[in-house]
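Just below is one structure, and these are the notes that go with it.
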Amino acid sequence: QEHTLRLHTIHPLYRQLHPSRHLETMKGVGIEGAAVYVSFIGDPARFDSLQAFRGWSGLVPDSRQSSESESKGLHVTQAGPNLVKKFAYLDADAARHRDPQIAAIYHEQMVHKGKHHNQALCACATHLLDRVLVVLREDRPYELRDVQGRPVTEEQAQQLIAEHYLVPEEVRRRH
C-alpha cells in the first residue's frame, strides 16, 4: 500500500509541483526527499534569508543568551517539520559520500571540532537544506563543486573525498 501510495499519488503530485525536478540533481537527494522538501517549503520566496529558512527547518542550535553570556553546544531547536529534518539528515548522510563540500563539512566537524557523527550530520543537513532552498529559488540544476567552488565531475568528487575528507577510524572510535 505504501509503495502504491508513493507511486500513484506522491510522485505525480511532486512532479506537478516541481516539474524541473532539479532537486534530484543534488547528490544524496532522491525523489522521496525532494517531494518532502517541495511540499513543506512551498514557495521558497517566503523566506527572507537563509537564516530565516534555517530557523524554520529546526536544524539550528538553540540559543541561550544574556547581556553577559552565551551558551554554546545546545541541542537543535527541533522547531521545523519532522519529515524535513528526517530527510535532510538522511540525505546529508548520503551526500557526504558524493559531494566534496558536504564531505568537507562532515570532516571538519568530526576531525577538527570533535563532534559526534550525529552532530556532524546535523551540520551537513543544515548546509544541504541551504542548497535545497537555492535550487528551488533559482529553479536550476545543482552543480557539483569542490571546496574552492570549481565545478567537478562525479569521478573528481569521489577522488577529492577519498584523498582529503575521509574521517580516520580512530576519530570515529573516540565517541
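Letters A, B, ... mark the chains of the C-alpha cells in the order given; residue numbers begin at 1 per chain; ligand numbers begin at 1, in order shown.
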Residues near region 95-104 of chain A, anyone? I mean within 12 Å using only C-alpha atoms, not counting same-chain ones fewer than 6 positions away, as a PyMOL selection string.
chain A and resi 24-30+87-89+110-112+117+120-131+142-167
Surrounding residues of Ser57 (chain A) excluding itself and chain neighbours under 3 positions, 12 Å, only C-alpha atoms, as number ranges by chain
A: 37, 40-41, 47, 50-54, 60-61, 76-89, 122, 125-130, 132-133
DSSP-assigned strand (DSSP E or B) among region 23-141 of chain A, expressed as a ChimeraX atom specification
/A:61,65,70,76
In Å, rounded to a single decimal, give me how far CA of Asp139 (chain A) is from CA of Glu2 (chain A).
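Atom-to-atom, CA of Glu2 (chain A) to CA of Asp139 (chain A), that is 29.4 Å.
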Tell me which protein, DNA and RNA residues are within 10 Å of Ser39 (chain A), counting only C-alpha atoms, leaving out same-chain ones fewer than 2 positions away, and put them as a PyMOL selection string.
chain A and resi 10+13-14+17-18+33-37+41-43+84
Of the listed residues A:Arg173, A:Pro168, A:Leu136, A:His3, that which approaches Arg21 (chain A) most closely, counting only C-alpha atoms:
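Smallest distance to Arg21 (chain A) is found for A:Leu136.
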For Leu90 (chain A), which of A:Ala45, A:Val38, A:Gly55, A:Asn118 is the closest residue, counting only C-alpha atoms?
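Smallest separation from Leu90 (chain A) among the options: A:Asn118.
Taking CA of Val135 (chain A) as the reference point, CA of Ala94 (chain A) is found at 18.2 Å.
Using only C-alpha atoms, the smallest distance between any of A:Arg174, A:Glu138, A:Glu108, A:Gln119 and Leu59 (chain A) comes from A:Gln119.
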Between CA of Asp93 (chain A) and CA of Lys115 (chain A), distance in Å (one decimal):
14.9 Å
Residues flagged alpha helix (DSSP H) by DSSP in region 7-155 of chain A, as a ChimeraX atom specification:
/A:11-17,31-41,50-57,82-95,100-107,117-138,154-155
Put those residues in a file: C-alpha atoms, as a compact mmCIF listing (two decimals), in the first residue's frame.
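Produced file selection39.txt, reproduced below:
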# COMPACT_ATOMS: atom_id res chain seq x y z
CA HIS A 11 5.32 11.07 -7.09
CA PRO A 12 2.78 12.53 -9.57
CA LEU A 13 1.94 15.37 -7.17
CA TYR A 14 5.64 16.09 -6.68
CA ARG A 15 6.20 16.16 -10.44
CA GLN A 16 3.30 18.57 -10.77
CA LEU A 17 4.69 20.89 -8.07
CA ILE A 31 12.59 11.66 -5.31
CA GLU A 32 11.26 10.94 -1.81
CA GLY A 33 13.30 13.68 -0.14
CA ALA A 34 12.66 16.10 -2.99
CA ALA A 35 8.91 15.53 -2.65
CA VAL A 36 9.10 16.25 1.09
CA TYR A 37 11.12 19.44 0.60
CA VAL A 38 8.86 20.79 -2.16
CA SER A 39 5.66 20.04 -0.28
CA PHE A 40 6.77 21.55 3.03
CA ILE A 41 8.72 24.54 1.70
CA LEU A 50 18.86 31.57 4.64
CA GLN A 51 18.87 32.37 8.36
CA ALA A 52 15.06 32.53 8.37
CA PHE A 53 14.91 29.27 6.44
CA ARG A 54 17.33 27.59 8.84
CA GLY A 55 15.20 28.74 11.77
CA TRP A 56 12.11 27.30 10.11
CA SER A 57 13.85 23.97 9.46
CA ASN A 82 9.90 16.34 11.39
CA LEU A 83 9.84 14.92 7.85
CA VAL A 84 12.05 17.74 6.57
CA LYS A 85 14.55 17.12 9.37
CA LYS A 86 14.45 13.36 8.80
CA PHE A 87 15.11 13.60 5.07
CA ALA A 88 17.72 16.34 5.48
CA TYR A 89 19.62 14.13 7.93
CA LEU A 90 19.36 11.02 5.73
CA ASP A 91 20.16 12.92 2.53
CA ALA A 92 23.15 14.61 4.17
CA ASP A 93 24.49 11.20 5.18
CA ALA A 94 24.32 10.09 1.54
CA ALA A 95 25.64 13.43 0.23
CA PRO A 100 33.07 17.27 -1.66
CA GLN A 101 31.63 20.37 0.02
CA ILE A 102 29.37 18.32 2.30
CA ALA A 103 32.21 15.85 2.89
CA ALA A 104 34.47 18.74 3.93
CA ILE A 105 31.87 19.99 6.44
CA TYR A 106 31.48 16.50 7.90
CA HIS A 107 35.28 16.06 8.09
CA HIS A 117 28.65 11.59 14.00
CA ASN A 118 25.07 12.77 14.61
CA GLN A 119 26.18 16.32 15.38
CA ALA A 120 28.35 16.40 12.25
CA LEU A 121 25.46 15.13 10.13
CA CYS A 122 23.15 17.80 11.53
CA ALA A 123 25.67 20.44 10.42
CA CYS A 124 25.75 18.82 6.97
CA ALA A 125 21.95 18.66 6.87
CA THR A 126 21.73 22.39 7.54
CA HIS A 127 24.05 23.12 4.62
CA LEU A 128 22.16 20.66 2.42
CA LEU A 129 18.89 22.46 3.19
CA ASP A 130 20.53 25.79 2.28
CA ARG A 131 21.22 24.29 -1.15
CA VAL A 132 17.69 22.93 -1.41
CA LEU A 133 16.34 26.44 -0.94
CA VAL A 134 18.73 27.94 -3.51
CA VAL A 135 17.91 25.26 -6.10
CA LEU A 136 14.19 25.88 -5.58
CA ARG A 137 14.57 29.67 -5.73
CA GLU A 138 16.73 29.66 -8.85
CA GLU A 154 31.32 12.88 -10.03
CA GLU A 155 34.59 11.00 -10.50
